[in-house]
>>> print(open('data_29.cif').read())   # mmCIF, C-alpha atoms
data_target
#
loop_
_atom_site.label_atom_id
_atom_site.label_comp_id
_atom_site.auth_asym_id
_atom_site.auth_seq_id
_atom_site.Cartn_x
_atom_site.Cartn_y
_atom_site.Cartn_z
CA MET A 2 0.00 0.00 0.00
CA ARG A 3 2.68 2.39 1.05
CA ARG A 4 4.75 1.45 -1.96
CA ASN A 5 1.79 2.12 -4.28
CA SER A 6 1.31 5.67 -3.07
CA VAL A 7 4.99 6.48 -3.70
CA THR A 8 4.62 5.20 -7.28
CA ALA A 9 1.51 7.32 -7.78
CA LEU A 10 3.36 10.43 -6.61
CA THR A 11 6.18 9.82 -9.09
CA VAL A 12 3.76 9.44 -11.98
CA SER A 13 2.00 12.68 -11.22
CA THR A 14 5.33 14.52 -11.10
CA VAL A 15 6.20 13.27 -14.57
CA LEU A 16 2.80 14.37 -15.87
CA VAL A 17 3.26 17.88 -14.49
CA GLY A 18 6.70 17.95 -16.09
CA GLY A 19 5.17 16.84 -19.39
CA ALA A 20 2.58 19.62 -19.29
CA ASN A 21 5.35 22.24 -19.09
CA ALA A 22 7.49 20.66 -21.79
CA GLY A 23 7.47 23.93 -23.79
CA LEU A 24 9.60 25.66 -21.13
CA ALA A 25 13.00 24.49 -19.98
CA GLY A 26 13.59 25.85 -16.53
CA SER A 27 12.04 29.30 -16.20
CA GLU A 28 8.87 27.89 -14.56
CA ASP A 29 11.14 27.11 -11.60
CA VAL A 30 12.34 30.70 -11.17
CA THR A 31 11.37 32.61 -8.05
CA VAL A 32 12.23 36.19 -7.14
CA ASP A 33 12.54 37.68 -3.68
CA GLY A 34 13.79 40.84 -1.95
CA ALA A 35 12.87 43.09 -4.90
CA TRP A 36 13.15 46.85 -4.39
CA SER A 37 14.08 50.05 -6.18
CA ARG A 38 14.95 53.64 -5.35
CA ALA A 39 12.90 56.77 -5.92
CA SER A 40 14.12 58.98 -8.76
CA ILE A 41 14.31 62.75 -9.18
CA GLY A 42 12.14 63.21 -12.27
CA THR A 43 12.75 61.05 -15.35
CA SER A 44 16.14 62.33 -16.50
CA PRO A 45 18.40 60.11 -14.36
CA PRO A 46 18.14 56.36 -14.87
CA GLY A 47 16.37 54.32 -12.20
CA VAL A 48 17.53 51.11 -10.59
CA ALA A 49 15.98 47.84 -9.39
CA TYR A 50 17.44 45.08 -7.20
CA MET A 51 16.27 41.52 -6.41
CA THR A 52 17.45 37.96 -5.89
CA ILE A 53 16.54 35.56 -8.71
CA ARG A 54 16.49 31.88 -7.70
CA ASN A 55 16.41 28.80 -9.89
CA THR A 56 14.68 26.07 -7.89
CA GLY A 57 14.66 23.61 -10.80
CA ASP A 58 17.04 21.00 -12.21
CA ASP A 59 17.97 22.83 -15.42
CA PRO A 60 20.06 25.97 -15.81
CA VAL A 61 18.08 29.08 -16.77
CA THR A 62 19.33 32.12 -18.65
CA LEU A 63 17.97 35.63 -18.14
CA THR A 64 18.06 37.27 -21.56
CA GLY A 65 16.08 40.47 -21.11
CA ILE A 66 13.91 42.77 -19.03
CA ARG A 67 10.66 44.51 -19.89
CA THR A 68 8.80 47.15 -17.90
CA GLU A 69 6.37 49.94 -18.67
CA ILE A 70 8.29 52.32 -16.39
CA ALA A 71 11.39 52.49 -18.63
CA MET A 72 11.98 52.21 -22.38
CA MET A 73 15.45 50.69 -21.97
CA PRO A 74 15.69 48.39 -18.99
CA GLU A 75 18.91 46.41 -18.92
CA VAL A 76 20.97 44.39 -16.44
CA HIS A 77 24.22 46.22 -15.70
CA ARG A 78 27.16 45.43 -13.52
CA SER A 79 29.01 48.03 -11.41
CA SER A 80 32.58 47.23 -10.57
CA THR A 81 35.36 49.05 -8.75
CA ASN A 82 38.99 48.30 -9.60
CA ASP A 83 41.98 48.30 -7.23
CA GLN A 84 42.57 51.99 -8.00
CA GLY A 85 39.10 52.80 -6.64
CA LEU A 86 37.77 53.56 -10.16
CA SER A 87 34.11 52.62 -10.43
CA SER A 88 32.50 51.78 -13.76
CA MET A 89 29.32 50.24 -15.09
CA ALA A 90 28.65 48.06 -18.14
CA PRO A 91 25.83 45.91 -19.58
CA ALA A 92 26.06 42.46 -17.99
CA GLY A 93 24.72 40.52 -21.00
CA GLU A 94 22.86 37.25 -20.49
CA ILE A 95 22.89 35.82 -16.98
CA MET A 96 22.93 32.06 -16.42
CA ILE A 97 21.56 30.73 -13.14
CA ALA A 98 22.64 27.19 -12.30
CA PRO A 99 20.14 24.59 -11.01
CA GLY A 100 19.52 25.31 -7.32
CA GLY A 101 21.52 28.54 -7.65
CA SER A 102 20.66 32.21 -7.35
CA VAL A 103 21.86 35.56 -8.62
CA ALA A 104 21.74 38.62 -6.38
CA LEU A 105 21.12 41.98 -8.01
CA GLU A 106 22.30 44.29 -5.24
CA PRO A 107 23.89 47.73 -4.69
CA GLY A 108 27.38 47.99 -6.13
CA GLY A 109 27.11 44.88 -8.32
CA LEU A 110 24.53 43.53 -10.74
CA HIS A 111 21.42 45.68 -11.00
CA VAL A 112 18.60 46.46 -13.39
CA MET A 113 19.31 49.89 -14.85
CA LEU A 114 16.07 51.56 -15.90
CA MET A 115 17.09 53.87 -18.74
CA LYS A 116 14.65 56.31 -20.35
CA LEU A 117 12.20 56.42 -17.46
CA GLN A 118 8.64 57.06 -18.63
CA THR A 119 7.38 58.26 -15.26
CA PRO A 120 9.22 59.42 -12.13
CA MET A 121 9.72 56.69 -9.54
CA THR A 122 7.86 57.77 -6.41
CA GLU A 123 8.59 56.40 -2.95
CA GLY A 124 5.78 54.16 -1.67
CA GLU A 125 4.56 53.18 -5.14
CA SER A 126 5.45 50.03 -7.08
CA PHE A 127 5.67 48.89 -10.70
CA PRO A 128 5.63 45.56 -12.58
CA LEU A 129 8.85 44.30 -14.15
CA THR A 130 9.11 41.21 -16.37
CA LEU A 131 12.17 38.97 -16.54
CA VAL A 132 12.50 37.20 -19.91
CA PHE A 133 14.32 33.84 -20.09
CA SER A 134 15.95 31.99 -23.00
CA ASP A 135 13.29 29.24 -22.99
CA GLY A 136 10.62 31.84 -23.77
CA GLY A 137 9.30 31.88 -20.21
CA GLU A 138 8.62 35.12 -18.39
CA VAL A 139 8.38 35.98 -14.71
CA THR A 140 6.68 39.23 -13.70
CA VAL A 141 7.50 40.79 -10.34
CA GLU A 142 5.98 43.81 -8.59
CA ILE A 143 8.85 46.07 -7.49
CA PRO A 144 8.27 48.37 -4.51
CA ILE A 145 9.89 51.82 -4.68
CA ARG A 146 11.82 52.79 -1.54
CA GLY A 147 13.36 56.14 -0.66
CA MET A 148 16.40 57.58 -2.46
CA ALA A 149 18.58 56.80 0.58
CA ALA A 150 17.26 53.23 1.00
CA ARG A 151 19.87 50.53 1.60
CA GLY A 152 17.72 47.47 1.01
CA PRO A 153 14.23 46.07 0.42
CA ASP A 154 13.11 47.25 3.86
CA GLY A 155 14.19 50.84 3.27
CA MET B 11 74.77 35.94 38.76
CA ARG B 12 76.79 36.69 35.70
CA ARG B 13 75.24 33.82 33.89
CA ARG B 14 71.81 35.12 34.76
CA ARG B 15 72.64 38.53 33.33
CA ILE B 16 73.80 36.99 30.05
CA PHE B 17 70.60 35.03 29.92
CA GLY B 18 68.71 38.25 30.60
CA TYR B 19 70.47 40.02 27.71
CA GLY B 20 69.72 37.06 25.48
CA ALA B 21 66.03 37.15 26.32
CA GLY B 22 66.00 40.91 25.75
CA GLY B 23 67.70 40.44 22.40
CA LEU B 24 65.22 37.79 21.40
CA GLY B 25 62.38 40.03 22.46
CA ALA B 26 63.77 42.90 20.37
CA LEU B 27 64.19 40.60 17.40
CA ALA B 28 60.61 39.37 17.76
CA LEU B 29 59.41 42.95 18.00
CA ALA B 30 61.37 43.94 14.88
CA LEU B 31 59.96 40.98 12.98
CA PHE B 32 56.46 41.82 14.14
CA LEU B 33 56.82 45.48 13.15
CA GLY B 34 58.16 44.46 9.76
CA TRP B 35 55.25 42.12 9.19
CA TRP B 36 52.79 44.77 10.39
CA GLN B 37 54.07 47.34 7.90
CA VAL B 38 54.61 45.03 4.92
CA ASP B 39 51.92 42.34 5.09
CA GLY B 40 49.88 43.07 8.23
CA PRO B 41 47.16 45.58 9.02
CA GLY B 42 49.66 48.45 8.78
CA ALA B 43 50.42 47.66 5.12
CA PRO B 44 49.75 50.45 2.64
CA GLN B 45 46.34 50.03 1.01
CA PRO B 46 46.44 49.01 -2.64
CA VAL B 47 44.29 51.97 -3.64
CA GLY B 48 45.20 54.70 -6.10
CA PRO B 49 47.68 57.48 -5.43
CA ARG B 50 47.20 59.53 -2.27
CA PRO B 51 45.46 62.89 -2.56
CA MET B 52 47.60 65.98 -2.05
CA ALA B 53 47.33 67.97 1.18
CA LEU B 54 44.34 70.32 0.88
CA GLU B 55 46.64 73.33 1.26
CA ALA B 56 48.48 72.36 -1.93
CA MET B 57 45.26 72.21 -3.97
CA ASP B 58 43.68 75.12 -5.81
CA PHE B 59 40.10 75.02 -7.05
CA ARG B 60 37.04 77.27 -6.92
CA LEU B 61 33.59 75.67 -6.82
CA THR B 62 30.05 76.47 -5.61
CA ASP B 63 28.13 74.53 -2.99
CA HIS B 64 24.51 73.48 -3.43
CA GLU B 65 23.34 76.68 -1.76
CA GLY B 66 25.30 78.83 -4.18
CA ARG B 67 28.14 79.71 -1.76
CA PRO B 68 31.68 79.89 -3.17
CA VAL B 69 33.86 77.07 -1.83
CA GLY B 70 37.38 75.80 -2.39
CA GLN B 71 40.07 73.72 -0.72
CA GLU B 72 40.30 76.32 2.09
CA THR B 73 36.66 75.59 3.04
CA LEU B 74 37.82 72.14 4.14
CA ILE B 75 40.73 73.30 6.33
CA GLY B 76 40.07 73.96 10.03
CA ARG B 77 37.84 70.95 10.59
CA PRO B 78 38.32 67.29 9.69
CA SER B 79 36.88 66.50 6.26
CA MET B 80 35.41 63.68 4.26
CA VAL B 81 35.42 64.17 0.48
CA PHE B 82 34.14 61.98 -2.36
CA PHE B 83 33.25 62.32 -6.03
CA GLY B 84 30.19 61.16 -7.98
CA PHE B 85 27.23 62.42 -10.02
CA THR B 86 23.46 62.52 -9.65
CA HIS B 87 22.63 60.54 -12.83
CA CYS B 88 24.32 57.52 -11.28
CA PRO B 89 21.69 54.91 -10.41
CA ASP B 90 23.71 52.42 -8.38
CA VAL B 91 27.12 53.34 -6.94
CA CYS B 92 26.50 57.00 -5.95
CA PRO B 93 23.20 56.64 -4.05
CA THR B 94 24.71 53.57 -2.38
CA THR B 95 27.79 55.59 -1.32
CA LEU B 96 25.67 58.52 -0.13
CA SER B 97 23.36 56.29 1.89
CA GLU B 98 26.37 54.47 3.40
CA ILE B 99 27.92 57.83 4.33
CA THR B 100 24.56 58.86 5.81
CA GLY B 101 24.73 55.71 7.98
CA TRP B 102 28.30 56.53 9.10
CA LEU B 103 27.30 60.10 9.99
CA GLU B 104 24.30 58.83 11.95
CA ALA B 105 26.66 56.49 13.84
CA LEU B 106 28.86 59.51 14.72
CA GLY B 107 25.83 61.25 16.24
CA ALA B 108 26.49 64.83 17.31
CA ASP B 109 30.20 64.48 16.34
CA ALA B 110 29.13 64.57 12.68
CA GLU B 111 28.63 68.33 13.12
CA ARG B 112 32.41 68.74 13.57
CA LEU B 113 33.04 67.25 10.12
CA ASN B 114 33.06 68.81 6.64
CA VAL B 115 31.43 66.42 4.17
CA ALA B 116 31.75 67.36 0.49
CA PHE B 117 30.27 65.47 -2.46
CA ILE B 118 31.93 66.85 -5.62
CA THR B 119 30.27 66.13 -8.97
CA VAL B 120 32.23 64.80 -11.94
CA ASP B 121 29.28 65.72 -14.21
CA PRO B 122 28.88 69.50 -13.90
CA ALA B 123 27.06 69.65 -17.27
CA ARG B 124 24.00 68.04 -15.66
CA ASP B 125 24.72 68.70 -11.98
CA THR B 126 23.87 72.35 -11.46
CA ALA B 127 23.81 73.72 -7.90
CA ALA B 128 20.00 73.28 -7.95
CA ALA B 129 20.30 69.63 -9.06
CA MET B 130 22.89 69.00 -6.34
CA ALA B 131 20.63 70.66 -3.74
CA GLU B 132 17.68 68.43 -4.58
CA TYR B 133 19.89 65.32 -4.60
CA VAL B 134 21.78 65.87 -1.33
CA GLY B 135 18.46 66.76 0.33
CA TYR B 136 17.65 63.03 0.40
CA PHE B 137 20.72 62.22 2.51
CA HIS B 138 22.38 63.32 5.78
CA PRO B 139 22.17 67.12 6.22
CA ALA B 140 25.95 67.34 6.81
CA ILE B 141 26.60 66.34 3.16
CA ARG B 142 27.29 69.38 0.94
CA GLY B 143 27.07 69.11 -2.85
CA TRP B 144 29.79 70.93 -4.78
CA THR B 145 29.78 71.78 -8.47
CA GLY B 146 31.37 74.33 -10.78
CA PRO B 147 32.93 74.92 -14.19
CA GLU B 148 34.40 71.89 -15.92
CA GLU B 149 38.01 73.09 -15.58
CA GLN B 150 37.66 73.73 -11.83
CA ILE B 151 36.21 70.23 -11.33
CA ALA B 152 39.24 68.94 -13.24
CA ARG B 153 41.60 70.89 -10.94
CA ALA B 154 39.87 69.51 -7.86
CA ALA B 155 40.01 65.96 -9.22
CA GLU B 156 43.71 66.39 -9.93
CA GLY B 157 44.35 67.46 -6.33
CA PHE B 158 42.48 64.49 -4.93
CA ARG B 159 44.11 62.20 -7.56
CA VAL B 160 40.64 61.26 -8.74
CA THR B 161 40.03 60.07 -12.29
CA TYR B 162 36.79 60.26 -14.23
CA GLU B 163 35.62 59.86 -17.80
CA ARG B 164 32.45 60.26 -19.78
CA VAL B 165 31.17 57.00 -21.29
CA PRO B 166 28.40 57.07 -23.94
CA THR B 167 25.50 54.66 -23.36
CA GLU B 168 23.00 53.29 -25.90
CA GLY B 169 20.32 55.76 -26.80
CA GLY B 170 22.55 58.85 -26.92
CA ASP B 171 22.92 59.20 -23.16
CA TYR B 172 26.11 58.98 -21.13
CA THR B 173 27.36 57.79 -17.78
CA MET B 174 30.56 58.58 -15.87
CA ASN B 175 33.28 56.25 -14.67
CA HIS B 176 34.87 57.77 -11.59
CA THR B 177 36.94 57.09 -8.47
CA ALA B 178 34.41 56.09 -5.82
CA SER B 179 36.69 56.16 -2.75
CA VAL B 180 36.00 58.45 0.21
CA PHE B 181 38.98 60.56 1.36
CA LEU B 182 39.57 61.62 4.97
CA PHE B 183 41.60 64.68 5.99
CA ASP B 184 42.56 65.99 9.43
CA THR B 185 41.89 69.52 10.67
CA ALA B 186 45.10 70.81 9.12
CA GLY B 187 44.03 69.42 5.72
CA ARG B 188 46.52 66.56 5.71
CA PHE B 189 45.34 63.38 4.01
CA VAL B 190 44.69 60.67 6.65
CA SER B 191 43.11 57.67 4.94
CA THR B 192 40.74 56.35 2.30
CA ILE B 193 37.49 54.49 2.84
CA ASP B 194 37.03 52.16 -0.10
CA TYR B 195 33.75 51.64 -1.85
CA HIS B 196 31.67 49.09 0.07
CA GLU B 197 33.92 49.10 3.15
CA PRO B 198 31.82 47.90 6.13
CA ARG B 199 30.58 50.44 8.64
CA ASP B 200 32.62 48.75 11.40
CA PHE B 201 35.79 49.78 9.54
CA ALA B 202 34.59 53.10 8.18
CA VAL B 203 33.40 54.75 11.39
CA PRO B 204 36.66 54.14 13.36
CA LYS B 205 38.61 55.55 10.38
CA ILE B 206 36.52 58.72 10.51
CA ARG B 207 37.01 58.95 14.27
CA ARG B 208 40.77 58.58 13.78
CA ALA B 209 40.83 61.46 11.30
CA MET B 210 38.81 63.51 13.78
CA ASN B 211 41.14 62.61 16.66
CA GLU B 212 44.17 63.80 14.72
CA GLU B 213 42.48 67.15 15.03
CA THR B 214 42.60 66.90 18.83
CA GLU B 215 46.22 65.78 18.81
CA GLY B 216 47.15 68.61 16.44
CA ALA B 217 45.41 71.17 18.64
CA THR B 218 47.18 70.20 21.87
#
>>> encode(input="data_29.cif", output="structure tokens")
Amino acid sequence: MRRNSVTALTVSTVLVGGANAGLAGSEDVTVDGAWSRASIGTSPPGVAYMTIRNTGDDPVTLTGIRTEIAMMPEVHRSSTNDQGLSSMAPAGEIMIAPGGSVALEPGGLHVMLMKLQTPMTEGESFPLTLVFSDGGEVTVEIPIRGMAARGPDG
Amino acid sequence: MRRRRIFGYGAGGLGALALALFLGWWQVDGPGAPQPVGPRPMALEAMDFRLTDHEGRPVGQETLIGRPSMVFFGFTHCPDVCPTTLSEITGWLEALGADAERLNVAFITVDPARDTAAAMAEYVGYFHPAIRGWTGPEEQIARAAEGFRVTYERVPTEGGDYTMNHTASVFLFDTAGRFVSTIDYHEPRDFAVPKIRRAMNEETEGAT
């Protein structure tokens, strides 16, 4: 009896897997700790931070970002060299290993929101969609914290 | 008796040798080793630049002499590194409490084309009130950067915009305007606040 129920569980897992055969991994992506900073008007670029986790068994690759708040959202990486010189460049595609995570956080990887369409106001939030190489998309609601915020809790 | 004295000298010699070795290690590999950051800024007295603070007051290197100072460079169209630095500095100043009032804190823009005094005023208004925003003509910014041994460059981004690469370190000076130390980008508060206190204490030592 006990053995039978274990078999039944395995079968149902395979069926669920079969139903999502069109995607390869992105259905197992979760996002937590998302936040962004208020902006002064729309001239400076905005920023968004979050931790993207891959809870599945296949690697996933983040290929793009879409959001109504900015015309050119892009993942960038800030880096500071041993001379103290800080620079920023597009990070390209980001692979997240099975069971792994990628932290977008101050001073490292971050979503740069170029060509803001509306000012980012503290206390509001906006939807942002992560696009993956398997065609899957994950949409997250990003809360806007104050300009001097240091993390998702302000 | 004699034997004991020789032994005593030997122990003293060994102690001195150990001390010398320790001091050598401290200065070369240990915590006293020079930091692998860029060149040291000049003394404030040796600099020469004329800028305007975010309230329109004329300022220069002399504004920073007479009290300990914390100086850093950045720009307001910087989405990640600069607001992070300013909010970290705000945290350090809060940790200093009332002592923060004895400190000059200057945020000098490397992007004067966009950072007018009004833009700087609005931006610094979001952070600790001790932080002053300084801007001015391009060539005066360049003179200031040269004095602090700061480098910066304009980098075009897609869509016709631009961003700035720049030295993101925070420089500490004592009351007399002598360079004391650098706080590197992302240095933890537990390291940063004692460094600031040390720069402030050199003021006390200098005064007595």
>>> residues_around(input="data_29.cif", residues="region 48-57 of chain B", least_positions_apart="2", cutoff="12 Å", atoms="all atoms listed in the file", output="ChimeraX atom specification")
/A:81-86 /B:44-46,59-60,70-82,150-161,177-194
>>> resolve_selection(input="data_29.cif", expression="the PyMOL selection byres ((chain A) within 8 of (chain B))", output="list in words")
Ile41, Ser44, Pro45, Pro46, Gly47, Val48, Ser79, Thr81, Asp83, Gln84, Gly85, Leu86, Ser87, Ser88, Met89, Pro107, Gly108, His111, Met113, Met148, Ala149, Ala150 and Arg151 of chain A
>>> atom_distance(input="data_29.cif", atom1="CA of Leu110 (chain A)", atom2="CA of Asp121 (chain B)")
23.0 Å
>>> atom_distance(input="data_29.cif", atom1="CA of Ser37 (chain A)", atom2="CA of Thr52 (chain A)")
12.6 Å
>>> atom_distance(input="data_29.cif", atom1="CA of Ile70 (chain A)", atom2="CA of Arg164 (chain B)")
25.7 Å
>>> residues_around(input="data_29.cif", residues="region 134-146 of chain A", least_positions_apart="5", cutoff="6 Å", atoms="all atoms listed in the file", output="list in words")
Leu24, Ala25, Ser27, Ala35, Trp36, Ser37, Arg38, Ala39, Thr62, Thr64, Glu123, Gly124, Glu125, Ser126, Phe127, Pro128, Leu129 and Gly155 of chain A
>>> residues_around(input="data_29.cif", residues="region 90-102 of chain A", least_positions_apart="3", cutoff="6 Å", atoms="only C-alpha atoms", output="list in words")
Ile53, Arg54, Asn55, Thr56, Gly57, Asp58, Asp59, Pro60, Val61, Thr62, Leu63, Thr64, Val76, His77 and Arg78 of chain A
>>> resolve_selection(input="data_29.cif", expression="the PyMOL selection byres ((chain B and resi 130) around 9)", output="list in words")
Asp63, His64, Glu65, Phe85, Thr86, Thr119, Asp125, Thr126, Ala127, Ala128, Ala129, Ala131, Glu132, Tyr133, Val134, Gly135, Arg142, Gly143, Trp144 and Thr145 of chain B
>>> residues_around(input="data_29.cif", residues="Gly42 (chain A)", least_positions_apart="3", cutoff="9 Å", atoms="all atoms listed in the file", output="MDAnalysis selection string")
chainID A and resid 45 117 119:121
>>> decode(input="data_29.cif", residues="region 106-177 of chain B", atoms="C-alpha atoms", output="short mmCIF file (atom, residue, chain, number, x, y, z; two decimals), in the first residue's frame")
data_model
loop_
_atom_site.label_atom_id
_atom_site.label_comp_id
_atom_site.auth_asym_id
_atom_site.auth_seq_id
_atom_site.Cartn_x
_atom_site.Cartn_y
_atom_site.Cartn_z
CA LEU B 106 28.86 59.51 14.72
CA GLY B 107 25.83 61.25 16.24
CA ALA B 108 26.49 64.83 17.31
CA ASP B 109 30.20 64.48 16.34
CA ALA B 110 29.13 64.57 12.68
CA GLU B 111 28.63 68.33 13.12
CA ARG B 112 32.41 68.74 13.57
CA LEU B 113 33.04 67.25 10.12
CA ASN B 114 33.06 68.81 6.64
CA VAL B 115 31.43 66.42 4.17
CA ALA B 116 31.75 67.36 0.49
CA PHE B 117 30.27 65.47 -2.46
CA ILE B 118 31.93 66.85 -5.62
CA THR B 119 30.27 66.13 -8.97
CA VAL B 120 32.23 64.80 -11.94
CA ASP B 121 29.28 65.72 -14.21
CA PRO B 122 28.88 69.50 -13.90
CA ALA B 123 27.06 69.65 -17.27
CA ARG B 124 24.00 68.04 -15.66
CA ASP B 125 24.72 68.70 -11.98
CA THR B 126 23.87 72.35 -11.46
CA ALA B 127 23.81 73.72 -7.90
CA ALA B 128 20.00 73.28 -7.95
CA ALA B 129 20.30 69.63 -9.06
CA MET B 130 22.89 69.00 -6.34
CA ALA B 131 20.63 70.66 -3.74
CA GLU B 132 17.68 68.43 -4.58
CA TYR B 133 19.89 65.32 -4.60
CA VAL B 134 21.78 65.87 -1.33
CA GLY B 135 18.46 66.76 0.33
CA TYR B 136 17.65 63.03 0.40
CA PHE B 137 20.72 62.22 2.51
CA HIS B 138 22.38 63.32 5.78
CA PRO B 139 22.17 67.12 6.22
CA ALA B 140 25.95 67.34 6.81
CA ILE B 141 26.60 66.34 3.16
CA ARG B 142 27.29 69.38 0.94
CA GLY B 143 27.07 69.11 -2.85
CA TRP B 144 29.79 70.93 -4.78
CA THR B 145 29.78 71.78 -8.47
CA GLY B 146 31.37 74.33 -10.78
CA PRO B 147 32.93 74.92 -14.19
CA GLU B 148 34.40 71.89 -15.92
CA GLU B 149 38.01 73.09 -15.58
CA GLN B 150 37.66 73.73 -11.83
CA ILE B 151 36.21 70.23 -11.33
CA ALA B 152 39.24 68.94 -13.24
CA ARG B 153 41.60 70.89 -10.94
CA ALA B 154 39.87 69.51 -7.86
CA ALA B 155 40.01 65.96 -9.22
CA GLU B 156 43.71 66.39 -9.93
CA GLY B 157 44.35 67.46 -6.33
CA PHE B 158 42.48 64.49 -4.93
CA ARG B 159 44.11 62.20 -7.56
CA VAL B 160 40.64 61.26 -8.74
CA THR B 161 40.03 60.07 -12.29
CA TYR B 162 36.79 60.26 -14.23
CA GLU B 163 35.62 59.86 -17.80
CA ARG B 164 32.45 60.26 -19.78
CA VAL B 165 31.17 57.00 -21.29
CA PRO B 166 28.40 57.07 -23.94
CA THR B 167 25.50 54.66 -23.36
CA GLU B 168 23.00 53.29 -25.90
CA GLY B 169 20.32 55.76 -26.80
CA GLY B 170 22.55 58.85 -26.92
CA ASP B 171 22.92 59.20 -23.16
CA TYR B 172 26.11 58.98 -21.13
CA THR B 173 27.36 57.79 -17.78
CA MET B 174 30.56 58.58 -15.87
CA ASN B 175 33.28 56.25 -14.67
CA HIS B 176 34.87 57.77 -11.59
CA THR B 177 36.94 57.09 -8.47
#
